[in-house]
Each structure stands twice: as structure tokens, then as C-alpha cells.
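Trainee: Questions regarding the structure given below will be posed in turn.
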Amino acid sequence: MKQTKNLAQCTAPDGSLMVLQEHDGQFFMKVDGVTLMSTIATSSEQLMAELACAAGPRRVLIGGLGFGFTLRKVLELCGADVEVEVAELLPEVVAWNREFLLEVNGHLLDDSRVKVHVGDVKESIDRAAGGKFDAVMLDVDNGPDSLVHRDNDQLYGRRGFRRVKSALAAKGRVVYWSANRDKGFERELAKEFVNVRSIGAKAYPKAKKFTHTLFVADKA
Ligand SMILES: C[S@@+](CC[C@H](N)C(=O)[O-])C[C@H]1O[C@@H](n2cnc3c(N)ncnc32)[C@H](O)[C@@H]1O
């Protein structure tokens with residue numbers, strides 16, 4: 001039987017235990033024993049990039065890094081001139097990408113198009129006030145109705161929407177990742193953005209169900 005190896009662990013600011021594991025060539029990140037992400041289920045992370053980058057953005061913000069599948073898709077789609085800022089709250093996640101996940105997507109952190117902000121994506125958003133980004137992707141938590149990091153609620157309400165909107169260029173777009181459908185969230189987004197829609201996303205290509213949701217919203 002193949003063994004599961006614990007590669008590294010750290011304590012998140014909220015006290016939860018984050019563990020990086022490898023099993024049979026696949027990687028898993030667990031938070032207090034629950035899988036937060038893996039290298040198997042990456043379809044929704046990639047679809048998020050496809051939706052956000054449909055108009056060929058020049059400046060892109062991704063929060064957070066995770067295992068870098070959204071980053072990889074953005075770089076694939078956006079070509080040589082794109083500037084991508086990736087904000088990742090946990091320095092350990094960035095270090096694990098460089099140490100254990102180089103061959104997954106970690107090498108992309110050294111791509112000349114990529115700038116890494118080790119810190120809260122809210123800082124990147126606020127620094128961009130005035131409309132820097134053509135596309136913003138927020139995959140920092142489980143979704144508006146099931147937040148894991150309490151501080152992230154500042155991104156999922158009206159004030160958070162205004163902060164994001166201010167960071168977006170005139171025709172900019174934000175995409176929020178969510179584990180669940182949430183009609184209330186869609187309605188709230190529509191008070192601040194236009195063309196708001198929720199799109200079902202599969203966890204992996206052969207999945208039968210659309211288990212996740214991507215909320216897409218445009219500034220104008
Ligand atoms: C589900 S993962 C992202 C997965 C990523 N889309 C991918 O393709 O692998 C969520 C990441 O967001 C980070 N995170 C959580 N809150 C954050 C915040 N406020 N700012 C930046 N990163 C955050 C977590 O540490 C974690 O690495």
C-alpha cells in the first residue's frame with residue numbers, strides 16, 4: 001500500500017494546523033485534518049482563470065496562491081505581456097511551493113511576469129485603489145457562507161466589493177470562488193457590479209456534478 005507522507009506543517013494565524021501531504025505523487029493541503037486543496041481537484045481553479053481572463057487582461061491579481069493552478073492557467077492564457085500579482089497570506093505556502101511543489105507549479109513563482117506578495121490580498125487590493133487591475137480572482141476561502149478565515153469576511157460584503165471595485169480598471173472583472181451556491185451573495189454583488197452571474201464548476205474534469213460555484217462580476 002502506498003504511504004501518505006507528511007512533508008511540512010504550520011500553524012495558521014487563526015490557530016488551525018495546516019499540513020502538506022504527498023500520496024502516490026499527488027499533494028494535499030489539510031486544515032485541521034480536512035482537505036483544503038489537492039493536485040487532483042483543480043478544474044474549478046482553472047475555470048476561474050478562464051472566466052477572469054476572457055477579455056485578455058494586462059494586469060491581474062490572484063488571491064491566494066494555494067498550489068498555483070489558477071496562476072498557471074492565467075499565464076497560459078494571457079501571454080508575454082501580462083503582469084500578475086499573486087497574494088498569499090501564509091509565507092509557508094509560498095515556501096512549500098518552492099521546496100516541495102516546484103514541479104507542480106512552484107517554478108512559476110520565478111516567471112518574470114509574476115510578482116508575489118506574501119501577505120493579505122486586501123493589501124494588494126487597497127494598494128491598487130484607482131483602478132490598476134483588469135482582472136481580480138479571489139480564491140482565499142471556502143466562500144461567502146462558509147468562511148474559514150474570519151478576516152476574509154471583509155472581502156465578501158458591500159464594503160469589500162467597493163474595495164475590489166476600486167482596484168479594478170474601467171472594464172475590469174472580479175471572480176469569486178465558492179464551495180457553495182449562494183443566491184444571496186449573487187444579489188449582493190449585483191448591487192455593486194454589473195453582469196453578475198454564478199457559474200457551476202466541477203472539481204475535476206470527469207466529475208459528474210458541478211460542486212463549486214464561480215461568481216463573475218464586471219465593474220462596468
Ligand atoms: C484554496 S487555496 C487557493 C487555490 C489556488 N486557486 C490554486 O489554484 O491552487 C486558498 C489560498 O488562499 C490563501 N489565503 C487565505 N486567506 C488569504 C488572504 N486574505 N490573502 C491572501 N491569501 C489568502 C490560503 O493560505 C491558501 O493558500
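By convention here, the chains of the C-alpha cells are called A, B, ... in the order presented, each chain's residues are numbered starting at 1, and ligands are numbered starting at 1 in the order presented.
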Residues at most 8 Å from ligand 1, using only C-alpha atoms and all ligand atoms? Could they come as a PyMOL selection string?
Mentor: chain A and resi 36-39+42+45-46+62-72+87-90+93+118-122+138-142+149+151-152
Trainee: Using N, CA and C atoms, can you write the selected residues to a file as a short mmCIF file (atom, residue, chain, number, x, y, z; two decimals), in the first residue's frame?
Mentor:
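Below you can see out-v6.cif, which holds the result:
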data_model
loop_
_atom_site.label_atom_id
_atom_site.label_comp_id
_atom_site.auth_asym_id
_atom_site.auth_seq_id
_atom_site.Cartn_x
_atom_site.Cartn_y
_atom_site.Cartn_z
N LEU A 36 -8.15 20.99 2.16
CA LEU A 36 -8.48 22.32 1.65
C LEU A 36 -8.24 22.35 0.15
N MET A 37 -7.16 21.69 -0.30
CA MET A 37 -6.89 21.63 -1.72
C MET A 37 -5.99 20.44 -2.03
N SER A 38 -5.96 20.07 -3.31
CA SER A 38 -5.12 18.94 -3.72
C SER A 38 -4.71 19.16 -5.17
N THR A 39 -3.75 18.34 -5.62
CA THR A 39 -3.35 18.44 -7.02
C THR A 39 -4.27 17.60 -7.92
N THR A 42 -8.54 20.33 -9.52
CA THR A 42 -8.05 21.68 -9.88
C THR A 42 -8.88 22.35 -10.98
N GLU A 45 -10.39 25.83 -10.11
CA GLU A 45 -9.35 26.86 -10.00
C GLU A 45 -8.94 27.35 -11.40
N GLN A 46 -8.92 26.41 -12.35
CA GLN A 46 -8.53 26.78 -13.71
C GLN A 46 -9.66 27.50 -14.44
N ILE A 62 -4.25 37.74 -8.26
CA ILE A 62 -4.77 36.44 -7.80
C ILE A 62 -4.58 36.36 -6.29
N GLY A 63 -5.63 36.06 -5.57
CA GLY A 63 -5.51 35.79 -4.13
C GLY A 63 -6.22 34.49 -3.84
N GLY A 64 -5.60 33.41 -3.21
CA GLY A 64 -4.24 33.30 -2.86
C GLY A 64 -3.56 32.32 -3.83
N LEU A 65 -2.36 31.94 -3.44
CA LEU A 65 -1.54 31.09 -4.31
C LEU A 65 -1.99 29.62 -4.29
N GLY A 66 -2.19 29.07 -3.09
CA GLY A 66 -2.54 27.65 -2.98
C GLY A 66 -1.49 26.79 -3.66
N PHE A 67 -1.92 25.95 -4.58
CA PHE A 67 -0.99 25.10 -5.34
C PHE A 67 -0.72 25.68 -6.74
N GLY A 68 -1.19 26.92 -6.99
CA GLY A 68 -0.77 27.63 -8.20
C GLY A 68 -1.47 27.23 -9.50
N PHE A 69 -2.61 26.54 -9.42
CA PHE A 69 -3.26 26.14 -10.68
C PHE A 69 -3.94 27.32 -11.37
N THR A 70 -4.47 28.24 -10.57
CA THR A 70 -5.05 29.45 -11.17
C THR A 70 -3.94 30.26 -11.84
N LEU A 71 -2.84 30.39 -11.14
CA LEU A 71 -1.70 31.13 -11.70
C LEU A 71 -1.25 30.51 -13.02
N ARG A 72 -1.13 29.19 -13.03
CA ARG A 72 -0.67 28.53 -14.27
C ARG A 72 -1.60 28.85 -15.43
N ALA A 87 -1.13 37.19 -4.35
CA ALA A 87 -1.05 37.48 -2.92
C ALA A 87 -1.33 36.20 -2.14
N GLU A 88 -0.40 35.85 -1.27
CA GLU A 88 -0.57 34.65 -0.44
C GLU A 88 -0.30 35.00 1.01
N LEU A 89 -1.31 34.77 1.83
CA LEU A 89 -1.26 35.13 3.25
C LEU A 89 -0.15 34.40 4.00
N LEU A 90 0.03 33.13 3.72
CA LEU A 90 0.93 32.31 4.53
C LEU A 90 2.30 32.15 3.86
N VAL A 93 3.13 28.65 2.67
CA VAL A 93 2.56 28.14 1.41
C VAL A 93 3.48 28.52 0.25
N VAL A 118 3.66 38.37 -0.29
CA VAL A 118 3.42 37.48 0.85
C VAL A 118 2.69 38.32 1.89
N GLY A 119 1.40 38.13 1.98
CA GLY A 119 0.58 38.94 2.87
C GLY A 119 -0.87 38.84 2.42
N ASP A 120 -1.68 39.68 3.02
CA ASP A 120 -3.12 39.62 2.78
C ASP A 120 -3.46 40.24 1.42
N VAL A 121 -4.33 39.57 0.68
CA VAL A 121 -4.73 40.11 -0.64
C VAL A 121 -5.43 41.45 -0.48
N LYS A 122 -5.99 41.72 0.69
CA LYS A 122 -6.65 43.01 0.90
C LYS A 122 -5.64 44.16 0.76
N LEU A 138 -10.47 35.89 -6.58
CA LEU A 138 -10.41 35.69 -5.14
C LEU A 138 -10.79 34.25 -4.79
N ASP A 139 -9.75 33.47 -4.52
CA ASP A 139 -9.92 32.09 -4.06
C ASP A 139 -9.15 31.96 -2.77
N VAL A 140 -9.63 32.72 -1.77
CA VAL A 140 -8.91 32.76 -0.49
C VAL A 140 -9.65 32.01 0.60
N ASP A 141 -10.86 31.57 0.28
CA ASP A 141 -11.65 30.95 1.35
C ASP A 141 -12.70 30.04 0.73
N ASN A 142 -13.48 29.39 1.59
CA ASN A 142 -14.45 28.44 1.07
C ASN A 142 -15.67 29.08 0.42
N HIS A 149 -11.29 31.64 7.30
CA HIS A 149 -10.52 32.71 7.95
C HIS A 149 -11.48 33.87 8.19
N ASP A 151 -11.17 36.95 9.07
CA ASP A 151 -10.83 38.26 8.49
C ASP A 151 -11.26 38.40 7.03
N ASN A 152 -11.42 37.26 6.37
CA ASN A 152 -11.78 37.32 4.95
C ASN A 152 -13.21 37.82 4.73
#
Trainee: If you run DSSP on this backbone, which residues of region 22-168 of chain A come out as alpha helix (DSSP H), and could you give them as a ChimeraX atom specification?
Mentor: /A:43-52,69-78,91-99,121-127,158-167
Trainee: Using only C-alpha atoms, determine which residues lie at most 6 Å from Lys30 (chain A), disregarding the query and same-chain residues fewer than 2 positions distant; provide the list as a list in words.
Mentor: Met18, Val19, Gly33, Val34, Thr35 and Leu36 of chain A
Trainee: Counting only C-alpha atoms, which residue out of A:Val116, A:Val94, A:Ala135, A:Leu102 sits closest to Ala54 (chain A)?
Mentor: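 Of all the options, A:Ala135 lies closest to Ala54 (chain A).
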Trainee: Excluding same-chain residues fewer than 3 positions from Asp24 (chain A), what lies within 9 Å of it counting only C-alpha atoms, as a list of chain:residue names?
Mentor: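 The residues satisfying every condition are A:Lys2, A:Gln3, A:Thr4, A:Phe27.
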Trainee: Please compute the CA of Val82 (chain A)-CA of Val114 (chain A) distance, one decimal, in Å.
Mentor: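 These two atoms are separated by 8.6 Å.
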